[in-house]
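Have a look at the structure below, then the notes.
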Amino acid sequence: MQLQSFDESYVDRLREGDFRTQEHFVAYFSELIQLKLRSRLHSPQAIEDVRQETFTRVFAALRSGKIRQPDRLGAFVNSMCNNVLLEHYRSASRDTPLEDEEQKDFPAVTVDVLGAIAAKQMNEKIREILEVMPERDRRLLREVFLEERDKDDVCRDFGVDRDYLRVLLHRAKQAFKSLYLRNMEARPPGVVTAEKG
């Protein structure tokens, strides 16, 4: 996936309904959203519902002018996805019938607690995977995506220009994605390994 930096021009094209920009936006974030949701939802239909609702709300926010910092568009989409996911948890817990009348005596587990636990587990998994990555990749991903540092500052720290930073970030993201998927599919919870070399 090509790393995309978002600027005012990009957001304006999205807001105006430019088809190619919208198509790029949806393709770019669909991959990230689905990666996130696969570890939290078991049903492909639920994943698709949350993905579509996230985009519906993001486009509504764009049209109403609620996105004022184009460079934080990724964080906005992630936050919106989290909100939709929490609503999905709430809805699912309301719609699940009690199979045994005696279960009514037990207090329901709140969705916010489930969401917090899922978020904590995801953060731990991300930290574990980052720890086994090469130092440069780890620093890049932390500074750009977790700390959201200005990319010009990151370029200065790494001694590269913006174009080469995109290449380095693309490689680091691919390496992270590969480790993440391999560990989600093949390892019991909490076990992270990386290939040497």
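Scheme for the structure tokens: letters A, B, ... for chains in order shown; per-chain residue numbers from 1; ligand numbers from 1 in order shown.
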
(message) Could you list, as an NGL selection string, every residue within 10 Å of range 142-153 of chain A, counting only C-alpha atoms and ignoring same-chain residues fewer than 3 positions away?
(response) :A and (5 or 71-72 or 74-75 or 127 or 130 or 136-139 or 156-162 or 165-166 or 169)

(message) Applying 12 Å and only C-alpha atoms, which residues near range 46-62 of chain A remain after dropping the ones on its own chain fewer than 3 positions away? List them as a PyMOL selection string.
(response) chain A and resi 8+10-17+22-23+25-43+65-70+73-89+91-92

Could you take the residues named above and write them with C-alpha atoms, as a PDB file, in the first residue's frame?
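Result written to again.pdb:
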ATOM      1  CA  GLU A   8      -6.014  20.489   2.248  1.00  0.00           C
ATOM      2  CA  TYR A  10      -6.969  16.180  -0.959  1.00  0.00           C
ATOM      3  CA  VAL A  11      -9.642  16.887   1.665  1.00  0.00           C
ATOM      4  CA  ASP A  12     -11.225  19.539  -0.595  1.00  0.00           C
ATOM      5  CA  ARG A  13     -11.455  17.026  -3.450  1.00  0.00           C
ATOM      6  CA  LEU A  14     -13.045  14.508  -1.084  1.00  0.00           C
ATOM      7  CA  ARG A  15     -15.528  17.106   0.140  1.00  0.00           C
ATOM      8  CA  GLU A  16     -16.434  18.091  -3.423  1.00  0.00           C
ATOM      9  CA  GLY A  17     -17.130  14.460  -4.336  1.00  0.00           C
ATOM     10  CA  GLN A  22     -13.037   9.115  -3.006  1.00  0.00           C
ATOM     11  CA  GLU A  23     -12.142   5.811  -4.633  1.00  0.00           C
ATOM     12  CA  PHE A  25      -9.635   7.189   0.052  1.00  0.00           C
ATOM     13  CA  VAL A  26     -11.975   4.209   0.449  1.00  0.00           C
ATOM     14  CA  ALA A  27      -9.413   1.715  -0.903  1.00  0.00           C
ATOM     15  CA  TYR A  28      -6.635   3.137   1.284  1.00  0.00           C
ATOM     16  CA  PHE A  29      -8.597   3.097   4.543  1.00  0.00           C
ATOM     17  CA  SER A  30     -10.568  -0.108   3.844  1.00  0.00           C
ATOM     18  CA  GLU A  31      -7.408  -2.166   4.178  1.00  0.00           C
ATOM     19  CA  LEU A  32      -6.464  -0.503   7.470  1.00  0.00           C
ATOM     20  CA  ILE A  33     -10.003  -0.710   8.889  1.00  0.00           C
ATOM     21  CA  GLN A  34     -10.422  -4.374   7.945  1.00  0.00           C
ATOM     22  CA  LEU A  35      -7.059  -5.228   9.500  1.00  0.00           C
ATOM     23  CA  LYS A  36      -8.217  -3.598  12.724  1.00  0.00           C
ATOM     24  CA  LEU A  37     -11.686  -5.168  12.713  1.00  0.00           C
ATOM     25  CA  ARG A  38     -10.592  -8.748  11.947  1.00  0.00           C
ATOM     26  CA  SER A  39      -9.162  -9.051  15.446  1.00  0.00           C
ATOM     27  CA  ARG A  40     -12.318  -7.667  17.074  1.00  0.00           C
ATOM     28  CA  LEU A  41     -15.256  -9.031  15.079  1.00  0.00           C
ATOM     29  CA  HIS A  42     -15.833 -12.643  14.042  1.00  0.00           C
ATOM     30  CA  SER A  43     -18.445 -12.137  11.325  1.00  0.00           C
ATOM     31  CA  GLY A  65     -16.859  20.857   7.427  1.00  0.00           C
ATOM     32  CA  LYS A  66     -15.990  19.033  10.664  1.00  0.00           C
ATOM     33  CA  ILE A  67     -12.538  17.973   9.438  1.00  0.00           C
ATOM     34  CA  ARG A  68     -10.314  21.010   9.953  1.00  0.00           C
ATOM     35  CA  GLN A  69      -6.870  19.369  10.115  1.00  0.00           C
ATOM     36  CA  PRO A  70      -6.211  17.473   6.868  1.00  0.00           C
ATOM     37  CA  LEU A  73      -7.428  12.669   8.619  1.00  0.00           C
ATOM     38  CA  GLY A  74      -6.095   9.181   9.435  1.00  0.00           C
ATOM     39  CA  ALA A  75      -6.573   9.737  13.171  1.00  0.00           C
ATOM     40  CA  PHE A  76     -10.102  11.040  12.495  1.00  0.00           C
ATOM     41  CA  VAL A  77     -11.035   7.932  10.478  1.00  0.00           C
ATOM     42  CA  ASN A  78      -9.583   5.674  13.197  1.00  0.00           C
ATOM     43  CA  SER A  79     -11.528   7.501  15.915  1.00  0.00           C
ATOM     44  CA  MET A  80     -14.752   7.280  13.883  1.00  0.00           C
ATOM     45  CA  CYS A  81     -14.190   3.549  13.365  1.00  0.00           C
ATOM     46  CA  ASN A  82     -13.741   3.109  17.141  1.00  0.00           C
ATOM     47  CA  ASN A  83     -17.040   4.917  17.770  1.00  0.00           C
ATOM     48  CA  VAL A  84     -18.919   2.768  15.249  1.00  0.00           C
ATOM     49  CA  LEU A  85     -17.336  -0.374  16.717  1.00  0.00           C
ATOM     50  CA  LEU A  86     -18.477   0.549  20.245  1.00  0.00           C
ATOM     51  CA  GLU A  87     -22.006   1.170  18.952  1.00  0.00           C
ATOM     52  CA  HIS A  88     -21.898  -2.219  17.249  1.00  0.00           C
ATOM     53  CA  TYR A  89     -20.895  -3.868  20.554  1.00  0.00           C
ATOM     54  CA  SER A  91     -26.264  -3.092  19.696  1.00  0.00           C
ATOM     55  CA  ALA A  92     -25.067  -6.702  19.688  1.00  0.00           C
TER      56      ALA A  92
END

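Residues lying within 9 Å of Leu168 in chain A, counting only C-alpha atoms and ignoring same-chain neighbours fewer than 4 positions away, are Asp137, Leu140, Asp163, Tyr164, Ala172 and Lys173 of chain A.
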
Would you save the residues of that selection, restricted to N, CA and C atoms, as a PDB file, in the first residue's frame?
ATOM      1  N   ASP A 137      12.759   0.652  11.525  1.00  0.00           N
ATOM      2  CA  ASP A 137      11.336   0.490  11.232  1.00  0.00           C
ATOM      3  C   ASP A 137      10.488   0.839  12.451  1.00  0.00           C
ATOM      4  N   LEU A 140      10.468   4.613  12.995  1.00  0.00           N
ATOM      5  CA  LEU A 140       9.643   5.278  11.973  1.00  0.00           C
ATOM      6  C   LEU A 140       8.156   5.147  12.276  1.00  0.00           C
ATOM      7  N   ASP A 163      10.250  11.981  -0.210  1.00  0.00           N
ATOM      8  CA  ASP A 163      10.014  10.849  -1.109  1.00  0.00           C
ATOM      9  C   ASP A 163      10.608   9.562  -0.543  1.00  0.00           C
ATOM     10  N   TYR A 164      11.837   9.651  -0.018  1.00  0.00           N
ATOM     11  CA  TYR A 164      12.458   8.443   0.521  1.00  0.00           C
ATOM     12  C   TYR A 164      11.795   8.030   1.834  1.00  0.00           C
ATOM     13  N   ALA A 172       8.309  -0.373   6.129  1.00  0.00           N
ATOM     14  CA  ALA A 172       8.072  -0.643   7.549  1.00  0.00           C
ATOM     15  C   ALA A 172       6.637  -1.111   7.781  1.00  0.00           C
ATOM     16  N   LYS A 173       5.683  -0.489   7.090  1.00  0.00           N
ATOM     17  CA  LYS A 173       4.274  -0.889   7.237  1.00  0.00           C
ATOM     18  C   LYS A 173       4.047  -2.299   6.704  1.00  0.00           C
TER      19      LYS A 173
END

(request) State, in Å with one decimal place, the distance from CA of Met133 in chain A to CA of Ala175 in chain A. (result) 8.0 Å

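Here the helix (DSSP H, G or I) residues in range 157-189 of chain A, by DSSP on the backbone, are Asp157, Phe158, Arg162, Asp163, Tyr164, Leu165, Arg166, Val167, Leu168, Leu169, His170, Arg171, Ala172, Lys173, Gln174, Ala175, Phe176, Lys177, Ser178, Leu179, Tyr180, Leu181, Arg182, Asn183, Met184, Glu185 and Ala186 of chain A.
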
Generate the output file for the selected residues, C-alpha atoms, as a PDB file, in the first residue's frame.
ATOM      1  CA  ASP A 157      16.028  13.076  12.158  1.00  0.00           C
ATOM      2  CA  PHE A 158      16.518  10.265   9.642  1.00  0.00           C
ATOM      3  CA  ARG A 162       9.965  13.197   1.890  1.00  0.00           C
ATOM      4  CA  ASP A 163      10.014  10.849  -1.109  1.00  0.00           C
ATOM      5  CA  TYR A 164      12.458   8.443   0.521  1.00  0.00           C
ATOM      6  CA  LEU A 165      10.554   8.694   3.818  1.00  0.00           C
ATOM      7  CA  ARG A 166       7.500   7.366   1.943  1.00  0.00           C
ATOM      8  CA  VAL A 167       9.566   4.410   0.715  1.00  0.00           C
ATOM      9  CA  LEU A 168      10.884   3.676   4.204  1.00  0.00           C
ATOM     10  CA  LEU A 169       7.410   3.951   5.739  1.00  0.00           C
ATOM     11  CA  HIS A 170       5.920   1.709   3.067  1.00  0.00           C
ATOM     12  CA  ARG A 171       8.523  -0.977   3.789  1.00  0.00           C
ATOM     13  CA  ALA A 172       8.072  -0.643   7.549  1.00  0.00           C
ATOM     14  CA  LYS A 173       4.274  -0.889   7.237  1.00  0.00           C
ATOM     15  CA  GLN A 174       4.536  -3.966   5.027  1.00  0.00           C
ATOM     16  CA  ALA A 175       6.916  -5.602   7.501  1.00  0.00           C
ATOM     17  CA  PHE A 176       4.560  -4.779  10.384  1.00  0.00           C
ATOM     18  CA  LYS A 177       1.526  -6.049   8.478  1.00  0.00           C
ATOM     19  CA  SER A 178       3.291  -9.291   7.624  1.00  0.00           C
ATOM     20  CA  LEU A 179       4.268  -9.877  11.263  1.00  0.00           C
ATOM     21  CA  TYR A 180       0.799  -8.926  12.475  1.00  0.00           C
ATOM     22  CA  LEU A 181      -1.042 -11.239  10.109  1.00  0.00           C
ATOM     23  CA  ARG A 182       1.340 -14.130  10.707  1.00  0.00           C
ATOM     24  CA  ASN A 183       0.948 -13.806  14.469  1.00  0.00           C
ATOM     25  CA  MET A 184      -2.844 -13.407  14.329  1.00  0.00           C
ATOM     26  CA  GLU A 185      -3.214 -16.553  12.228  1.00  0.00           C
ATOM     27  CA  ALA A 186      -0.532 -18.865  13.610  1.00  0.00           C
TER      28      ALA A 186
END

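The interatomic distance for the pair CA of Arg90 in chain A and CA of Asn123 in chain A works out to 21.6 Å.
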
(request) Measure the distance from CA of Val132 in chain A to CA of Val154 in chain A in Å and round it to one decimal. (result) 21.4 Å
